[in-house]
file coords.txt (compact mmCIF, C-alpha atoms)
# COMPACT_ATOMS: atom_id res chain seq x y z
CA MET G 1 1.29 10.68 -13.95
CA GLN G 2 -1.41 10.57 -16.62
CA GLN G 3 -4.93 11.42 -15.53
CA PRO G 4 -6.55 7.95 -15.98
CA LEU G 5 -3.62 6.20 -14.29
CA ARG G 6 -3.75 8.63 -11.39
CA TYR G 7 -7.45 7.91 -10.87
CA LEU G 8 -6.92 4.15 -11.17
CA ALA G 9 -4.07 4.21 -8.64
CA SER G 10 -5.93 6.47 -6.21
CA GLY G 11 -9.07 4.33 -6.53
CA ALA G 12 -7.00 1.26 -5.73
CA ALA G 13 -5.43 3.09 -2.77
CA PHE G 14 -8.92 3.93 -1.50
CA LEU G 15 -10.20 0.36 -1.98
CA ALA G 16 -7.33 -1.93 -0.90
CA PRO G 17 -7.04 -1.06 2.84
CA PRO G 18 -10.75 -1.46 3.71
CA VAL G 19 -10.87 -4.78 1.84
CA LEU G 20 -7.80 -5.93 3.80
CA LEU G 21 -9.46 -4.78 7.03
CA VAL G 22 -12.67 -6.71 6.27
CA SER G 23 -10.69 -9.81 5.29
CA ASP G 24 -8.71 -9.72 8.53
CA VAL G 25 -11.91 -9.28 10.55
CA LEU G 26 -13.40 -12.30 8.78
CA LEU G 27 -10.24 -14.30 9.43
CA ILE G 28 -10.21 -13.31 13.10
CA LEU G 29 -13.88 -14.15 13.64
CA PHE G 30 -14.37 -17.18 11.44
CA ILE G 31 -11.02 -18.33 9.96
CA SER G 32 -12.96 -18.69 6.76
CA GLU G 33 -12.49 -19.22 3.05
CA PRO G 34 -14.20 -15.89 2.23
CA GLY G 35 -11.64 -14.14 4.44
CA LEU G 36 -8.77 -15.69 2.47
CA MET G 37 -10.49 -14.85 -0.80
CA LEU G 38 -11.00 -11.23 0.27
CA GLN G 39 -7.38 -11.07 1.34
CA ALA G 40 -6.31 -12.15 -2.15
CA VAL G 41 -8.56 -9.45 -3.61
CA ALA G 42 -7.05 -6.86 -1.26
CA PHE G 43 -3.48 -7.74 -2.23
CA SER G 44 -4.34 -7.69 -5.92
CA VAL G 45 -5.78 -4.19 -5.46
CA PHE G 46 -2.70 -3.14 -3.48
CA VAL G 47 -0.56 -3.67 -6.61
CA PRO G 48 -1.82 -0.60 -8.55
CA ALA G 49 -2.06 1.36 -5.30
CA ILE G 50 1.62 0.76 -4.49
CA ILE G 51 2.66 1.55 -8.05
CA GLY G 52 0.62 4.77 -7.93
CA VAL G 53 2.13 5.83 -4.61
CA THR G 54 5.58 5.17 -6.07
CA MET G 55 4.87 7.32 -9.10
CA PHE G 56 3.35 10.06 -6.91
CA ALA G 57 6.22 10.20 -4.41
CA ASP G 58 8.99 9.79 -6.97
CA GLU G 59 11.42 12.65 -6.40
CA ARG G 60 14.68 12.12 -4.56
CA ALA G 61 15.28 8.47 -3.73
CA ARG G 62 13.97 7.05 -6.98
CA TRP G 63 15.76 3.70 -6.95
CA GLN G 64 15.02 3.01 -3.27
CA LEU G 65 11.37 3.82 -3.80
CA THR G 66 11.22 1.62 -6.89
CA ALA G 67 13.03 -1.25 -5.15
CA GLY G 68 10.67 -1.09 -2.17
CA ALA G 69 7.64 -0.99 -4.44
CA GLY G 70 9.02 -3.91 -6.42
CA LEU G 71 9.40 -6.01 -3.28
CA ALA G 72 5.93 -5.12 -2.03
CA VAL G 73 4.29 -5.76 -5.42
CA LEU G 74 6.13 -9.07 -5.83
CA ALA G 75 4.99 -10.19 -2.39
CA ALA G 76 1.41 -9.03 -3.00
CA LEU G 77 1.26 -11.00 -6.24
CA ALA G 78 2.73 -14.07 -4.53
CA MET G 79 0.10 -13.81 -1.79
CA VAL G 80 -2.63 -13.55 -4.44
CA ILE G 81 -1.37 -16.71 -6.14
CA ARG G 82 -0.84 -18.62 -2.86
CA PRO G 83 -3.05 -17.13 -0.10
CA GLY G 84 -1.72 -19.55 2.51
CA VAL G 85 1.67 -17.81 2.41
CA LEU G 86 0.60 -15.54 5.27
CA ALA G 87 0.50 -18.55 7.57
CA ALA G 88 4.30 -18.11 7.83
CA PRO G 89 4.73 -14.31 7.71
CA THR G 90 8.43 -14.42 8.56
CA ARG G 91 9.40 -16.29 5.39
CA PRO G 92 9.50 -15.11 1.80
CA PRO G 93 7.38 -14.02 0.04
CA ALA G 94 5.18 -12.85 2.94
CA VAL G 95 8.03 -10.97 4.62
CA LEU G 96 8.74 -9.05 1.39
CA PHE G 97 5.47 -7.08 1.59
CA PRO G 98 6.24 -5.25 4.85
CA LEU G 99 9.93 -5.07 3.94
CA GLY G 100 9.06 -3.37 0.65
CA LEU G 101 6.74 -0.94 2.42
CA LEU G 102 9.49 -0.15 4.96
CA VAL G 103 11.94 0.62 2.16
CA MET G 104 9.30 2.76 0.45
CA SER G 105 8.56 4.67 3.65
CA GLY G 106 12.25 5.36 4.19
CA ALA G 107 12.59 6.63 0.63
CA MET G 108 9.44 8.76 0.93
CA ILE G 109 10.89 10.79 3.79
CA GLY G 110 12.77 12.98 1.34
CA SER G 111 9.95 13.26 -1.20
CA LYS G 112 6.85 15.40 -1.42
CA VAL G 113 5.04 12.97 0.87
CA SER G 114 4.96 14.19 4.46
CA ARG G 115 7.17 12.51 7.02
CA ARG G 116 4.10 11.64 9.07
CA LEU G 117 2.68 9.59 6.22
CA ALA G 118 6.02 7.87 5.70
CA ALA G 119 6.16 7.07 9.43
CA LEU G 120 2.57 5.77 9.34
CA MET G 121 3.42 3.49 6.43
CA ALA G 122 6.44 2.21 8.37
CA ALA G 123 4.30 1.58 11.45
CA GLY G 124 1.74 -0.34 9.40
CA ALA G 125 4.53 -2.33 7.77
CA LEU G 126 5.92 -3.25 11.19
CA LEU G 127 2.52 -4.26 12.55
CA PHE G 128 1.71 -6.39 9.49
CA PRO G 129 4.03 -9.35 10.25
CA LEU G 130 3.59 -8.89 13.99
CA GLY G 131 -0.18 -9.21 13.69
CA HIS G 132 -0.03 -12.18 11.35
CA LEU G 133 2.67 -13.95 13.34
CA SER G 134 1.11 -13.52 16.76
CA GLY G 135 -2.50 -13.67 15.59
CA SER G 136 -3.18 -10.68 17.80
CA PRO G 137 -6.41 -9.00 16.68
CA VAL G 138 -5.20 -5.65 18.02
CA ALA G 139 -2.04 -5.75 15.91
CA LEU G 140 -3.90 -6.98 12.82
CA ILE G 141 -6.68 -4.42 13.00
CA GLY G 142 -4.32 -1.66 14.14
CA GLY G 143 -2.02 -2.25 11.18
CA ASP G 144 -4.98 -2.30 8.80
CA VAL G 145 -6.34 0.97 10.21
CA ILE G 146 -2.89 2.56 9.84
CA PHE G 147 -2.75 1.37 6.21
CA LEU G 148 -6.25 2.78 5.72
CA VAL G 149 -5.26 6.24 6.97
CA THR G 150 -1.97 6.23 5.06
CA PHE G 151 -3.27 5.03 1.71
CA TRP G 152 -6.46 7.13 1.87
CA THR G 153 -4.42 10.27 2.54
CA LEU G 154 -2.03 9.42 -0.28
CA ALA G 155 -4.95 8.66 -2.61
CA ALA G 156 -6.56 12.00 -1.83
CA ARG G 157 -3.28 13.77 -2.56
CA MET G 158 -2.84 11.83 -5.81
CA VAL G 159 -6.27 12.95 -6.99
CA ARG G 160 -5.62 16.58 -6.05
CA SER G 161 -2.09 16.76 -7.39
CA GLU G 162 -1.44 18.76 -10.50
CA SER G 163 0.21 17.27 -13.51
CA ARG G 164 3.94 18.06 -13.74
CA VAL G 165 3.58 19.00 -17.39
CA PRO G 166 2.28 22.57 -17.72
CA ASN G 167 -0.92 23.00 -19.70
CA PRO G 168 -0.14 25.00 -22.88
CA GLU G 169 -3.67 26.46 -22.90
CA SER G 170 -3.15 28.11 -19.52
CA ARG G 171 -0.49 30.43 -20.87
CA GLY G 172 -1.67 33.90 -21.76
call {"tool": "encode", "arguments": {"input": "coords.txt", "output": "structure tokens"}}
result
Amino acid sequence: MQQPLRYLASGAAFLAPPVLLVSDVLLILFISEPGLMLQAVAFSVFVPAIIGVTMFADERARWQLTAGAGLAVLAALAMVIRPGVLAAPTRPPAVLFPLGLLVMSGAMIGSKVSRRLAALMAAGALLFPLGHLSGSPVALIGGDVIFLVTFWTLAARMVRSESRVPNPESRG
């Protein structure tokens, strides 16, 4: 991944989960318009984060990873366009976001991403519709915290990762 794209994707991966967490807290406390607006911002920032994670973890299960990312990005964009979609989290397009993340986490098991991170992403993806469907603050905040840990760890690894193309100046 090119240097500027890697920094953009890792910055988005650092920013999206806390914005989602704050939006869910606002929605839990006030059921407010700013909460819905922040949620739209969070999902729009998730788009480059998911694409960056896909490019970072791309090794073995390339098409599964790409398909999962495509579903998650499509759902995130749909939720940005129509924020009320999360009122029915078991119907498309809201169900596609956690489904895409589940497919991505399954594909990441065989990649350079640790299995723990893949399992954390799967747990967050499972808590996402559960929290929005039940309205349980514990499930909502728990899923957001899991996303925070997962995406922050992946973002830190994206920043630290070396480019796959060897630097010609480093050769003796």
call {"tool": "residues_around", "arguments": {"input": "coords.txt", "residues": "region 113-118 of chain G", "least_positions_apart": "6", "cutoff": "12 Å", "atoms": "only C-alpha atoms", "output": "ChimeraX atom specification"}}
result
/G:53-60,65,101-107,124-125,146-158,161
call {"tool": "atom_distance", "arguments": {"input": "coords.txt", "atom1": "CA of Leu5 (chain G)", "atom2": "CA of Val45 (chain G)"}}
result
13.8 Å
call {"tool": "closest_residue", "arguments": {"input": "coords.txt", "among": "G:Leu38, G:Ala61, G:Ala49, G:Leu8", "to": "Leu21 (chain G)", "atoms": "only C-alpha atoms"}}
result
G:Leu38
call {"tool": "residues_around", "arguments": {"input": "coords.txt", "residues": "Val22 (chain G)", "least_positions_apart": "5", "cutoff": "10 Å", "atoms": "only C-alpha atoms", "output": "mmCIF file with C-alpha atoms, in the frame of the given file"}}
result
data_model
loop_
_atom_site.group_PDB
_atom_site.id
_atom_site.type_symbol
_atom_site.label_atom_id
_atom_site.label_comp_id
_atom_site.auth_asym_id
_atom_site.auth_seq_id
_atom_site.Cartn_x
_atom_site.Cartn_y
_atom_site.Cartn_z
ATOM 1 C CA PRO G 17 -7.040 -1.060 2.840
ATOM 2 C CA LEU G 27 -10.240 -14.300 9.430
ATOM 3 C CA ILE G 28 -10.210 -13.310 13.100
ATOM 4 C CA GLY G 35 -11.640 -14.140 4.440
ATOM 5 C CA LEU G 38 -11.000 -11.230 0.270
ATOM 6 C CA GLN G 39 -7.380 -11.070 1.340
ATOM 7 C CA ALA G 42 -7.050 -6.860 -1.260
ATOM 8 C CA ILE G 141 -6.680 -4.420 13.000
ATOM 9 C CA ASP G 144 -4.980 -2.300 8.800
#
call {"tool": "closest_residue", "arguments": {"input": "coords.txt", "among": "G:Val25, G:Met37, G:Leu130, G:Leu99", "to": "Gln64 (chain G)", "atoms": "only C-alpha atoms"}}
result
G:Leu99
call {"tool": "residues_near_point", "arguments": {"input": "coords.txt", "point": "(1.3, -3.6, 16.9)", "cutoff": "7 Å", "atoms": "all atoms listed in the file", "output": "PyMOL selection string"}}
result
chain G and resi 127+130-131+138-139+142-143
call {"tool": "residues_around", "arguments": {"input": "coords.txt", "residues": "Leu36 (chain G)", "least_positions_apart": "3", "cutoff": "12 Å", "atoms": "all atoms listed in the file", "output": "ChimeraX atom specification"}}
result
/G:19-28,30-33,39-43,79-87
call {"tool": "atom_distance", "arguments": {"input": "coords.txt", "atom1": "CA of Ala78 (chain G)", "atom2": "CA of Val159 (chain G)"}}
result
28.6 Å
call {"tool": "closest_residue", "arguments": {"input": "coords.txt", "among": "G:Pro129, G:Pro4, G:Pro18, G:Gly100", "to": "Thr66 (chain G)", "atoms": "only C-alpha atoms"}}
result
G:Gly100
call {"tool": "atom_distance", "arguments": {"input": "coords.txt", "atom1": "CA of Arg160 (chain G)", "atom2": "CA of Ile50 (chain G)"}}
result
17.5 Å
call {"tool": "closest_residue", "arguments": {"input": "coords.txt", "among": "G:Phe128, G:Ala123, G:Gln3, G:Arg62", "to": "Gly110 (chain G)", "atoms": "all atoms listed in the file"}}
result
G:Arg62
call {"tool": "closest_residue", "arguments": {"input": "coords.txt", "among": "G:Pro48, G:Ala67, G:Val95, G:Gly11", "to": "Leu133 (chain G)", "atoms": "all atoms listed in the file"}}
result
G:Val95
call {"tool": "decode", "arguments": {"input": "coords.txt", "residues": "region 57-79 of chain G", "atoms": "N, CA and C atoms", "output": "PDB file, in the first residue's frame"}}
result
ATOM      1  N   ALA G  57      -4.560  -6.623   5.054  1.00  0.00           N
ATOM      2  CA  ALA G  57      -4.672  -8.045   5.377  1.00  0.00           C
ATOM      3  C   ALA G  57      -4.710  -8.931   4.144  1.00  0.00           C
ATOM      4  N   ASP G  58      -4.631  -8.354   2.979  1.00  0.00           N
ATOM      5  CA  ASP G  58      -4.791  -9.099   1.731  1.00  0.00           C
ATOM      6  C   ASP G  58      -3.625 -10.066   1.533  1.00  0.00           C
ATOM      7  N   GLU G  59      -3.889 -11.343   1.749  1.00  0.00           N
ATOM      8  CA  GLU G  59      -2.873 -12.365   1.501  1.00  0.00           C
ATOM      9  C   GLU G  59      -3.505 -13.606   0.902  1.00  0.00           C
ATOM     10  N   ARG G  60      -4.173 -14.389   1.729  1.00  0.00           N
ATOM     11  CA  ARG G  60      -4.669 -15.685   1.275  1.00  0.00           C
ATOM     12  C   ARG G  60      -6.056 -15.619   0.661  1.00  0.00           C
ATOM     13  N   ALA G  61      -7.026 -15.226   1.414  1.00  0.00           N
ATOM     14  CA  ALA G  61      -8.423 -15.269   0.982  1.00  0.00           C
ATOM     15  C   ALA G  61      -8.817 -13.927   0.378  1.00  0.00           C
ATOM     16  N   ARG G  62      -8.200 -13.605  -0.728  1.00  0.00           N
ATOM     17  CA  ARG G  62      -8.367 -12.280  -1.330  1.00  0.00           C
ATOM     18  C   ARG G  62      -9.809 -11.986  -1.720  1.00  0.00           C
ATOM     19  N   TRP G  63     -10.483 -12.917  -2.381  1.00  0.00           N
ATOM     20  CA  TRP G  63     -11.832 -12.606  -2.853  1.00  0.00           C
ATOM     21  C   TRP G  63     -12.833 -12.558  -1.704  1.00  0.00           C
ATOM     22  N   GLN G  64     -12.641 -13.397  -0.669  1.00  0.00           N
ATOM     23  CA  GLN G  64     -13.535 -13.339   0.487  1.00  0.00           C
ATOM     24  C   GLN G  64     -13.362 -12.021   1.236  1.00  0.00           C
ATOM     25  N   LEU G  65     -12.123 -11.610   1.383  1.00  0.00           N
ATOM     26  CA  LEU G  65     -11.836 -10.355   2.066  1.00  0.00           C
ATOM     27  C   LEU G  65     -12.420  -9.179   1.289  1.00  0.00           C
ATOM     28  N   THR G  66     -12.261  -9.203  -0.025  1.00  0.00           N
ATOM     29  CA  THR G  66     -12.792  -8.136  -0.858  1.00  0.00           C
ATOM     30  C   THR G  66     -14.319  -8.135  -0.858  1.00  0.00           C
ATOM     31  N   ALA G  67     -14.924  -9.309  -0.894  1.00  0.00           N
ATOM     32  CA  ALA G  67     -16.391  -9.387  -0.862  1.00  0.00           C
ATOM     33  C   ALA G  67     -16.939  -8.873   0.468  1.00  0.00           C
ATOM     34  N   GLY G  68     -16.310  -9.253   1.567  1.00  0.00           N
ATOM     35  CA  GLY G  68     -16.738  -8.765   2.873  1.00  0.00           C
ATOM     36  C   GLY G  68     -16.586  -7.256   2.992  1.00  0.00           C
ATOM     37  N   ALA G  69     -15.456  -6.750   2.506  1.00  0.00           N
ATOM     38  CA  ALA G  69     -15.244  -5.301   2.547  1.00  0.00           C
ATOM     39  C   ALA G  69     -16.256  -4.585   1.662  1.00  0.00           C
ATOM     40  N   GLY G  70     -16.565  -5.174   0.514  1.00  0.00           N
ATOM     41  CA  GLY G  70     -17.557  -4.572  -0.370  1.00  0.00           C
ATOM     42  C   GLY G  70     -18.922  -4.472   0.287  1.00  0.00           C
ATOM     43  N   LEU G  71     -19.331  -5.541   0.969  1.00  0.00           N
ATOM     44  CA  LEU G  71     -20.614  -5.511   1.684  1.00  0.00           C
ATOM     45  C   LEU G  71     -20.616  -4.456   2.782  1.00  0.00           C
ATOM     46  N   ALA G  72     -19.542  -4.421   3.569  1.00  0.00           N
ATOM     47  CA  ALA G  72     -19.473  -3.468   4.676  1.00  0.00           C
ATOM     48  C   ALA G  72     -19.434  -2.026   4.168  1.00  0.00           C
ATOM     49  N   VAL G  73     -18.678  -1.773   3.104  1.00  0.00           N
ATOM     50  CA  VAL G  73     -18.582  -0.416   2.552  1.00  0.00           C
ATOM     51  C   VAL G  73     -19.919  -0.004   1.945  1.00  0.00           C
ATOM     52  N   LEU G  74     -20.560  -0.913   1.225  1.00  0.00           N
ATOM     53  CA  LEU G  74     -21.872  -0.616   0.647  1.00  0.00           C
ATOM     54  C   LEU G  74     -22.878  -0.257   1.736  1.00  0.00           C
ATOM     55  N   ALA G  75     -22.890  -1.028   2.808  1.00  0.00           N
ATOM     56  CA  ALA G  75     -23.808  -0.757   3.912  1.00  0.00           C
ATOM     57  C   ALA G  75     -23.467   0.557   4.604  1.00  0.00           C
ATOM     58  N   ALA G  76     -22.175   0.823   4.796  1.00  0.00           N
ATOM     59  CA  ALA G  76     -21.780   2.082   5.447  1.00  0.00           C
ATOM     60  C   ALA G  76     -22.221   3.274   4.611  1.00  0.00           C
ATOM     61  N   LEU G  77     -22.035   3.185   3.308  1.00  0.00           N
ATOM     62  CA  LEU G  77     -22.468   4.290   2.444  1.00  0.00           C
ATOM     63  C   LEU G  77     -23.983   4.442   2.457  1.00  0.00           C
ATOM     64  N   ALA G  78     -24.706   3.331   2.484  1.00  0.00           N
ATOM     65  CA  ALA G  78     -26.171   3.403   2.555  1.00  0.00           C
ATOM     66  C   ALA G  78     -26.625   4.040   3.865  1.00  0.00           C
ATOM     67  N   MET G  79     -25.919   3.737   4.951  1.00  0.00           N
ATOM     68  CA  MET G  79     -26.287   4.323   6.245  1.00  0.00           C
ATOM     69  C   MET G  79     -25.906   5.796   6.324  1.00  0.00           C
TER      70      MET G  79
END
